[in-house]
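Trainee: Provided below: upload-v3.txt, containing compact mmCIF, C-alpha atoms.
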```txt
# COMPACT_ATOMS: atom_id res chain seq x y z
CA MET A 1 23.68 26.06 27.95
CA ALA A 2 20.48 24.63 29.43
CA PRO A 3 20.87 23.39 33.02
CA HIS A 4 21.11 19.63 33.52
CA ILE A 5 18.07 18.24 35.30
CA GLU A 6 18.75 15.00 37.13
CA GLY A 7 16.46 12.22 35.92
CA ALA A 8 14.88 14.30 33.13
CA GLY A 9 15.83 11.76 30.46
CA THR A 10 14.45 8.88 32.50
CA LYS A 11 11.19 10.75 33.15
CA GLN A 12 10.82 11.55 29.45
CA GLN A 13 11.46 7.90 28.53
CA ARG A 14 8.84 6.76 31.04
CA GLY A 15 6.38 9.19 29.47
CA ILE A 16 7.06 7.77 25.99
CA GLU A 17 6.66 4.22 27.29
CA THR A 18 3.39 5.08 29.08
CA ARG A 19 1.98 6.74 25.98
CA MET A 20 2.84 3.70 23.84
CA ALA A 21 1.39 1.33 26.45
CA LEU A 22 -1.86 3.33 26.36
CA LEU A 23 -1.88 3.25 22.56
CA GLU A 24 -1.31 -0.51 22.49
CA ALA A 25 -4.05 -0.98 25.09
CA SER A 26 -6.36 1.22 23.02
CA GLY A 27 -5.59 -0.98 20.04
CA ARG A 28 -6.63 -4.10 21.94
CA VAL A 29 -9.82 -2.45 23.19
CA PHE A 30 -10.86 -0.86 19.87
CA SER A 31 -10.07 -4.08 18.00
CA ARG A 32 -12.88 -5.83 19.90
CA LEU A 33 -15.27 -2.95 20.75
CA SER A 34 -16.86 -0.21 18.66
CA TYR A 35 -16.10 3.45 19.36
CA ASP A 36 -19.36 3.90 21.29
CA GLN A 37 -18.92 0.70 23.29
CA ALA A 38 -15.33 1.40 24.35
CA LYS A 39 -14.83 3.37 27.56
CA LEU A 40 -11.74 5.14 28.83
CA LYS A 41 -11.86 2.80 31.84
CA ASP A 42 -11.57 -0.17 29.46
CA ILE A 43 -8.38 1.34 28.07
CA SER A 44 -6.90 2.28 31.44
CA ASP A 45 -7.70 -1.17 32.85
CA GLU A 46 -6.17 -2.84 29.77
CA ALA A 47 -3.00 -0.73 30.14
CA GLY A 48 -2.83 -1.09 33.93
CA ALA A 49 -2.77 2.70 34.21
CA SER A 50 -4.99 5.43 35.62
CA GLN A 51 -7.62 7.27 33.57
CA GLY A 52 -5.72 10.42 34.51
CA SER A 53 -2.76 9.21 32.44
CA ILE A 54 -5.06 8.99 29.38
CA TYR A 55 -6.17 12.59 29.90
CA PHE A 56 -2.54 13.64 30.33
CA HIS A 57 -1.16 11.88 27.23
CA PHE A 58 -4.14 12.14 24.87
CA GLY A 59 -7.08 14.10 26.24
CA ASN A 60 -10.25 12.12 25.62
CA LYS A 61 -11.62 9.11 23.70
CA TYR A 62 -11.87 11.11 20.47
CA ASP A 63 -8.18 12.06 20.70
CA ILE A 64 -7.02 8.53 21.45
CA ALA A 65 -9.12 7.12 18.57
CA GLU A 66 -7.53 9.70 16.26
CA ALA A 67 -4.08 8.63 17.49
CA VAL A 68 -4.90 4.95 16.80
CA LEU A 69 -6.01 5.79 13.25
CA ALA A 70 -2.79 7.76 12.73
CA VAL A 71 -0.63 4.85 13.91
CA GLN A 72 -2.57 2.44 11.67
CA GLN A 73 -1.78 4.58 8.63
CA GLU A 74 1.84 5.12 9.71
CA ARG A 75 2.45 1.36 9.95
CA MET A 76 0.80 0.64 6.62
CA ARG A 77 2.72 3.47 4.97
CA ALA A 78 5.99 2.23 6.52
CA ALA A 79 5.38 -1.19 4.96
CA LEU A 80 4.94 0.45 1.54
CA ASP A 81 8.05 2.60 1.97
CA GLU A 82 10.11 -0.49 2.87
CA GLU A 83 8.92 -2.36 -0.20
CA LEU A 84 9.54 0.63 -2.48
CA ALA A 85 13.09 0.83 -1.14
CA VAL A 86 13.73 -2.75 -2.31
CA GLY A 87 13.49 -1.57 -5.92
CA ARG A 88 11.21 -4.26 -7.37
CA ASN A 89 9.25 -3.66 -10.55
CA GLY A 90 5.69 -2.35 -10.28
CA PHE A 91 3.99 -5.73 -10.79
CA ASP A 92 6.02 -7.50 -8.09
CA THR A 93 5.53 -4.60 -5.65
CA VAL A 94 1.73 -4.75 -6.07
CA ILE A 95 1.72 -8.51 -5.37
CA VAL A 96 4.11 -8.28 -2.40
CA MET A 97 2.21 -5.33 -0.89
CA LEU A 98 -1.15 -7.10 -1.03
CA ARG A 99 0.25 -10.00 0.97
CA ARG A 100 2.26 -7.77 3.32
CA LEU A 101 -0.78 -5.66 4.19
CA ALA A 102 -2.77 -8.83 4.80
CA ASP A 103 -0.11 -10.12 7.21
CA LEU A 104 -0.04 -6.74 8.98
CA MET A 105 -3.82 -6.65 9.39
CA ALA A 106 -3.88 -10.25 10.61
CA THR A 107 -1.31 -9.69 13.38
CA ASP A 108 -1.08 -6.02 14.43
CA ARG A 109 -3.64 -5.03 17.08
CA LEU A 110 -3.31 -1.30 16.45
CA VAL A 111 -3.91 -1.80 12.74
CA GLN A 112 -6.89 -4.01 13.58
CA ALA A 113 -8.19 -1.31 15.91
CA GLY A 114 -8.11 1.18 13.06
CA LEU A 115 -10.09 -1.25 10.87
CA GLN A 116 -12.63 -1.79 13.64
CA LEU A 117 -12.98 1.94 14.26
CA VAL A 118 -13.72 2.91 10.65
CA ASP A 119 -17.30 1.65 10.79
CA SER A 120 -18.12 3.10 14.21
CA LEU A 121 -16.40 6.49 14.22
CA PRO A 122 -18.23 9.68 15.21
CA GLU A 123 -19.05 11.98 12.29
CA ALA A 124 -16.09 14.28 12.94
CA LEU A 125 -13.60 11.39 12.57
CA ARG A 126 -15.33 9.46 9.79
CA ASP A 127 -13.52 11.17 6.93
CA HIS A 128 -10.22 10.46 8.67
CA GLY A 129 -10.98 6.76 8.64
CA HIS A 130 -12.53 6.45 5.20
CA ASN A 131 -9.85 8.55 3.52
CA SER A 132 -7.41 5.70 4.10
CA TYR A 133 -9.17 3.71 1.35
CA VAL A 134 -8.79 6.64 -1.05
CA THR A 135 -5.10 6.91 -0.11
CA TRP A 136 -4.45 3.23 -0.77
CA GLN A 137 -6.25 3.30 -4.08
CA GLY A 138 -3.97 6.19 -5.02
CA ASN A 139 -0.93 4.15 -3.96
CA GLY A 140 -2.17 1.24 -6.08
CA THR A 141 -2.58 3.51 -9.10
CA MET A 142 0.97 4.79 -8.60
CA LEU A 143 2.41 1.27 -8.47
CA ILE A 144 0.48 0.17 -11.57
CA GLU A 145 1.66 3.23 -13.48
CA GLN A 146 5.21 2.32 -12.46
CA GLY A 147 4.66 -1.23 -13.69
CA ILE A 148 3.40 0.00 -17.07
CA ARG A 149 6.47 2.19 -17.41
CA ASP A 150 8.91 -0.59 -16.51
CA GLY A 151 7.08 -3.14 -18.68
CA SER A 152 6.14 -5.53 -15.86
CA ILE A 153 2.40 -4.76 -16.25
CA THR A 154 0.97 -5.33 -19.71
CA SER A 155 -2.73 -4.51 -19.24
CA THR A 156 -4.04 -1.73 -21.46
CA GLU A 157 -6.79 -0.81 -18.99
CA SER A 158 -6.67 2.44 -17.04
CA PRO A 159 -4.29 2.22 -14.02
CA ARG A 160 -6.96 3.89 -11.92
CA LEU A 161 -9.57 1.29 -12.92
CA LEU A 162 -7.14 -1.57 -12.25
CA ALA A 163 -6.31 -0.13 -8.82
CA GLU A 164 -10.01 0.25 -8.01
CA ILE A 165 -10.77 -3.37 -8.93
CA ILE A 166 -7.82 -4.64 -6.87
CA ASN A 167 -8.90 -2.43 -3.96
CA GLU A 168 -12.42 -3.86 -4.17
CA LEU A 169 -11.05 -7.42 -4.12
CA TYR A 170 -8.84 -6.65 -1.13
CA VAL A 171 -11.48 -4.77 0.88
CA GLY A 172 -13.98 -7.56 0.20
CA ALA A 173 -11.51 -10.15 1.53
CA GLN A 174 -10.73 -7.87 4.48
CA MET A 175 -14.40 -7.56 5.42
CA MET A 176 -15.02 -11.31 5.09
CA ALA A 177 -11.95 -12.10 7.22
CA GLY A 178 -13.00 -9.51 9.79
CA MET A 179 -16.42 -11.13 10.19
CA ALA A 180 -15.07 -14.69 10.13
CA ASP A 181 -12.09 -14.62 12.48
CA ARG A 182 -10.91 -11.09 13.23
CA TRP A 183 -8.72 -10.96 10.10
CA GLY A 184 -6.76 -14.12 10.92
CA SER A 185 -7.70 -15.67 7.56
CA LEU A 186 -6.92 -12.55 5.53
CA PRO A 187 -3.50 -13.74 4.24
CA ASP A 188 -5.08 -16.97 2.95
CA ARG A 189 -7.96 -15.06 1.35
CA VAL A 190 -5.50 -12.73 -0.38
CA ASP A 191 -3.46 -15.70 -1.62
CA ARG A 192 -6.68 -17.10 -3.09
CA PHE A 193 -7.39 -14.03 -5.25
CA LEU A 194 -3.78 -13.20 -6.19
CA PRO A 195 -3.87 -15.37 -9.37
CA PHE A 196 -6.78 -13.23 -10.59
CA VAL A 197 -4.86 -10.02 -9.83
CA LYS A 198 -1.89 -11.35 -11.78
CA LEU A 199 -4.15 -12.13 -14.73
CA LEU A 200 -5.73 -8.70 -14.46
CA LEU A 201 -2.34 -6.96 -14.62
CA ARG A 202 -0.80 -9.37 -17.14
CA PRO A 203 -3.64 -10.64 -19.34
CA GLU A 204 -2.82 -13.65 -21.46
CA PRO A 205 -2.51 -12.75 -25.17
CA GLU A 206 -5.40 -13.80 -27.39
CA ARG A 207 -4.71 -16.94 -29.39
```
Just dump the structure as structure tokens.

Mentor:
Amino acid sequence: MAPHIEGAGTKQQRGIETRMALLEASGRVFSRLSYDQAKLKDISDEAGASQGSIYFHFGNKYDIAEAVLAVQQERMRAALDEELAVGRNGFDTVIVMLRRLADLMATDRLVQAGLQLVDSLPEALRDHGHNSYVTWQGNGTMLIEQGIRDGSITSTESPRLLAEIINELYVGAQMMAGMADRWGSLPDRVDRFLPFVKLLLRPEPER
């Protein structure tokens, strides 16, 4: 049996809390500054911690940016997993996910930091950021294929093409919202194009 170390659990918990505080602070910094503009001092000041704690928990700015991107994808993936667990049909899941992702991007600073970072990442991290768009187009294709199987999507177009068009609509709204008000208007912009997505997935029969 391993010996009991007094206070070990408390120390470990403090370490977890410090790491999360640094991540949240990084999210706030990267959501308003590019990768090149952001300094480790900005993050430590935002977190109310020493720069040494950043080196201890993450290493350097590259490592903390990579961690922010990972959390962004984890939170977006968790939203998808939760909606899949509800058991809706493919059509309804596509519509709900578009709005849920918009709400997440409009309110979550770490997710916003990931969005901000994508366009300013160093070469070594760029694929990590841009691959998220490929991943989400794949998720869209999967949901549309599910909708075709369950009969909730009636379009005869390729699921991959439909997912690409929807992705283009969403990313366009995301970019416009990012420039206009730091993604605050993204839910409203998504609501505005949802009728067109519904028509794309369930075209009206010719008369």

Trainee: Atom CA of Glu66 of chain A and atom CA of Ala102 of chain A are how many Å apart?

Mentor: 22.3 Å

Trainee: Rank A:Thr135, A:Ser158, A:Ser50, A:Ser31 by their smallest atom-to-atom distance to Trp183 of chain A, using all atoms listed in the file, and report the top residue only.

Mentor: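 Nearest candidate to Trp183 of chain A out of A:Thr135, A:Ser158, A:Ser50, A:Ser31: A:Ser31.
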
Trainee: Identify, on the basis of all atoms listed in the file, every residue whose closest approach to segment 88-94 of chain A does not exceed 7 Å; exclude the query and any residue fewer than 2 positions from it along the same chain; express the result as a PyMOL selection string.

Mentor: chain A and resi 83+86+96-98+143-144+146-147+150+152-153

Trainee: Write to file, as a PDB file, keeping the file's coordinate frame, the residues of the selection just made, with C-alpha atoms.

Mentor:
```
ATOM      1  CA  GLU A  83       8.920  -2.360  -0.200  1.00  0.00           C
ATOM      2  CA  VAL A  86      13.730  -2.750  -2.310  1.00  0.00           C
ATOM      3  CA  VAL A  96       4.110  -8.280  -2.400  1.00  0.00           C
ATOM      4  CA  MET A  97       2.210  -5.330  -0.890  1.00  0.00           C
ATOM      5  CA  LEU A  98      -1.150  -7.100  -1.030  1.00  0.00           C
ATOM      6  CA  LEU A 143       2.410   1.270  -8.470  1.00  0.00           C
ATOM      7  CA  ILE A 144       0.480   0.170 -11.570  1.00  0.00           C
ATOM      8  CA  GLN A 146       5.210   2.320 -12.460  1.00  0.00           C
ATOM      9  CA  GLY A 147       4.660  -1.230 -13.690  1.00  0.00           C
ATOM     10  CA  ASP A 150       8.910  -0.590 -16.510  1.00  0.00           C
ATOM     11  CA  SER A 152       6.140  -5.530 -15.860  1.00  0.00           C
ATOM     12  CA  ILE A 153       2.400  -4.760 -16.250  1.00  0.00           C
TER      13      ILE A 153
END
```

Trainee: Which is closest to Tyr55 of chain A among A:Arg14, A:Arg19, A:Arg192, A:Arg28, if we use only C-alpha atoms?

Mentor: A:Arg19

Trainee: Record the distance separating atom CA of Ser44 of chain A and atom CA of Thr10 of chain A, expressed in Å with one decimal.

Mentor: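 Computed distance, atom CA of Ser44 of chain A to atom CA of Thr10 of chain A, equals 22.4 Å.
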
Trainee: Please put the answer as AutoDock Vina command-line options: centre and edge lengths, in Å with one decimal, of a box along x, y and z that encloses all listed atoms of segment 17-34 of chain A plus 5 Å on each side.

Mentor:
```
--center_x -5.1 --center_y 0.5 --center_z 23.5 --size_x 33.5 --size_y 22.6 --size_z 21.1
```

Trainee: Just checking: using all atoms listed in the file, which residue out of A:Gln12, A:Thr156, A:Gln37, A:Gln112 ends up closest to Glu24 of chain A?

Mentor: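 Ranked by minimum distance to Glu24 of chain A, first place goes to A:Gln112.
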
Trainee: List the neighbours of Arg189 of chain A out to 12 Å using all atoms listed in the file; skip same-chain residues closer than 5 positions along the sequence, and give me the result as a PyMOL selection string.

Mentor: chain A and resi 98-99+102-103+106+169-178+180-181+183-184+194-195

Trainee: Record the distance separating atom CA of Ile54 of chain A and atom CA of Phe30 of chain A, expressed in Å with one decimal.

Mentor: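 Atom CA of Phe30 of chain A lies 14.9 Å from atom CA of Ile54 of chain A.
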
Trainee: Write segment 73-89 of chain A as a PDB file, keeping the file's coordinate frame, completed to N, CA, C and O atoms.

Mentor:
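File written: result-v7.pdb
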```
ATOM      1  N   GLN A  73      -2.247   4.106   9.936  1.00  0.00           N
ATOM      2  CA  GLN A  73      -1.780   4.580   8.630  1.00  0.00           C
ATOM      3  C   GLN A  73      -0.261   4.663   8.569  1.00  0.00           C
ATOM      4  O   GLN A  73       0.346   4.368   7.532  1.00  0.00           O
ATOM      5  N   GLU A  74       0.372   5.046   9.681  1.00  0.00           N
ATOM      6  CA  GLU A  74       1.840   5.120   9.710  1.00  0.00           C
ATOM      7  C   GLU A  74       2.453   3.739   9.464  1.00  0.00           C
ATOM      8  O   GLU A  74       3.432   3.603   8.720  1.00  0.00           O
ATOM      9  N   ARG A  75       1.890   2.712  10.085  1.00  0.00           N
ATOM     10  CA  ARG A  75       2.450   1.360   9.950  1.00  0.00           C
ATOM     11  C   ARG A  75       2.219   0.799   8.557  1.00  0.00           C
ATOM     12  O   ARG A  75       3.088   0.116   8.010  1.00  0.00           O
ATOM     13  N   MET A  76       1.069   1.092   7.984  1.00  0.00           N
ATOM     14  CA  MET A  76       0.800   0.640   6.620  1.00  0.00           C
ATOM     15  C   MET A  76       1.692   1.382   5.631  1.00  0.00           C
ATOM     16  O   MET A  76       2.224   0.795   4.690  1.00  0.00           O
ATOM     17  N   ARG A  77       1.872   2.681   5.853  1.00  0.00           N
ATOM     18  CA  ARG A  77       2.720   3.470   4.970  1.00  0.00           C
ATOM     19  C   ARG A  77       4.187   3.025   5.094  1.00  0.00           C
ATOM     20  O   ARG A  77       4.917   2.958   4.092  1.00  0.00           O
ATOM     21  N   ALA A  78       4.609   2.685   6.328  1.00  0.00           N
ATOM     22  CA  ALA A  78       5.990   2.230   6.520  1.00  0.00           C
ATOM     23  C   ALA A  78       6.239   0.934   5.756  1.00  0.00           C
ATOM     24  O   ALA A  78       7.318   0.742   5.185  1.00  0.00           O
ATOM     25  N   ALA A  79       5.233   0.054   5.716  1.00  0.00           N
ATOM     26  CA  ALA A  79       5.380  -1.190   4.960  1.00  0.00           C
ATOM     27  C   ALA A  79       5.567  -0.887   3.476  1.00  0.00           C
ATOM     28  O   ALA A  79       6.419  -1.490   2.803  1.00  0.00           O
ATOM     29  N   LEU A  80       4.795   0.065   2.946  1.00  0.00           N
ATOM     30  CA  LEU A  80       4.940   0.450   1.540  1.00  0.00           C
ATOM     31  C   LEU A  80       6.305   1.058   1.280  1.00  0.00           C
ATOM     32  O   LEU A  80       6.972   0.714   0.294  1.00  0.00           O
ATOM     33  N   ASP A  81       6.746   1.949   2.155  1.00  0.00           N
ATOM     34  CA  ASP A  81       8.050   2.600   1.970  1.00  0.00           C
ATOM     35  C   ASP A  81       9.177   1.561   1.958  1.00  0.00           C
ATOM     36  O   ASP A  81      10.124   1.671   1.164  1.00  0.00           O
ATOM     37  N   GLU A  82       9.081   0.560   2.836  1.00  0.00           N
ATOM     38  CA  GLU A  82      10.110  -0.490   2.870  1.00  0.00           C
ATOM     39  C   GLU A  82      10.139  -1.280   1.577  1.00  0.00           C
ATOM     40  O   GLU A  82      11.216  -1.598   1.053  1.00  0.00           O
ATOM     41  N   GLU A  83       8.962  -1.590   1.042  1.00  0.00           N
ATOM     42  CA  GLU A  83       8.920  -2.360  -0.200  1.00  0.00           C
ATOM     43  C   GLU A  83       9.378  -1.524  -1.394  1.00  0.00           C
ATOM     44  O   GLU A  83      10.046  -2.033  -2.297  1.00  0.00           O
ATOM     45  N   LEU A  84       9.057  -0.239  -1.400  1.00  0.00           N
ATOM     46  CA  LEU A  84       9.540   0.630  -2.480  1.00  0.00           C
ATOM     47  C   LEU A  84      11.053   0.734  -2.462  1.00  0.00           C
ATOM     48  O   LEU A  84      11.694   0.819  -3.516  1.00  0.00           O
ATOM     49  N   ALA A  85      11.627   0.708  -1.267  1.00  0.00           N
ATOM     50  CA  ALA A  85      13.090   0.830  -1.140  1.00  0.00           C
ATOM     51  C   ALA A  85      13.805  -0.400  -1.694  1.00  0.00           C
ATOM     52  O   ALA A  85      14.981  -0.322  -2.058  1.00  0.00           O
ATOM     53  N   VAL A  86      13.109  -1.533  -1.779  1.00  0.00           N
ATOM     54  CA  VAL A  86      13.730  -2.750  -2.310  1.00  0.00           C
ATOM     55  C   VAL A  86      14.050  -2.590  -3.792  1.00  0.00           C
ATOM     56  O   VAL A  86      15.029  -3.145  -4.296  1.00  0.00           O
ATOM     57  N   GLY A  87      13.226  -1.829  -4.502  1.00  0.00           N
ATOM     58  CA  GLY A  87      13.490  -1.570  -5.920  1.00  0.00           C
ATOM     59  C   GLY A  87      12.919  -2.602  -6.871  1.00  0.00           C
ATOM     60  O   GLY A  87      13.428  -2.777  -7.982  1.00  0.00           O
ATOM     61  N   ARG A  88      11.849  -3.306  -6.458  1.00  0.00           N
ATOM     62  CA  ARG A  88      11.210  -4.260  -7.370  1.00  0.00           C
ATOM     63  C   ARG A  88      10.476  -3.519  -8.481  1.00  0.00           C
ATOM     64  O   ARG A  88      10.224  -2.315  -8.393  1.00  0.00           O
ATOM     65  N   ASN A  89      10.073  -4.271  -9.517  1.00  0.00           N
ATOM     66  CA  ASN A  89       9.250  -3.660 -10.550  1.00  0.00           C
ATOM     67  C   ASN A  89       7.824  -3.447 -10.013  1.00  0.00           C
ATOM     68  O   ASN A  89       7.473  -3.947  -8.935  1.00  0.00           O
TER      69      ASN A  89
END
```
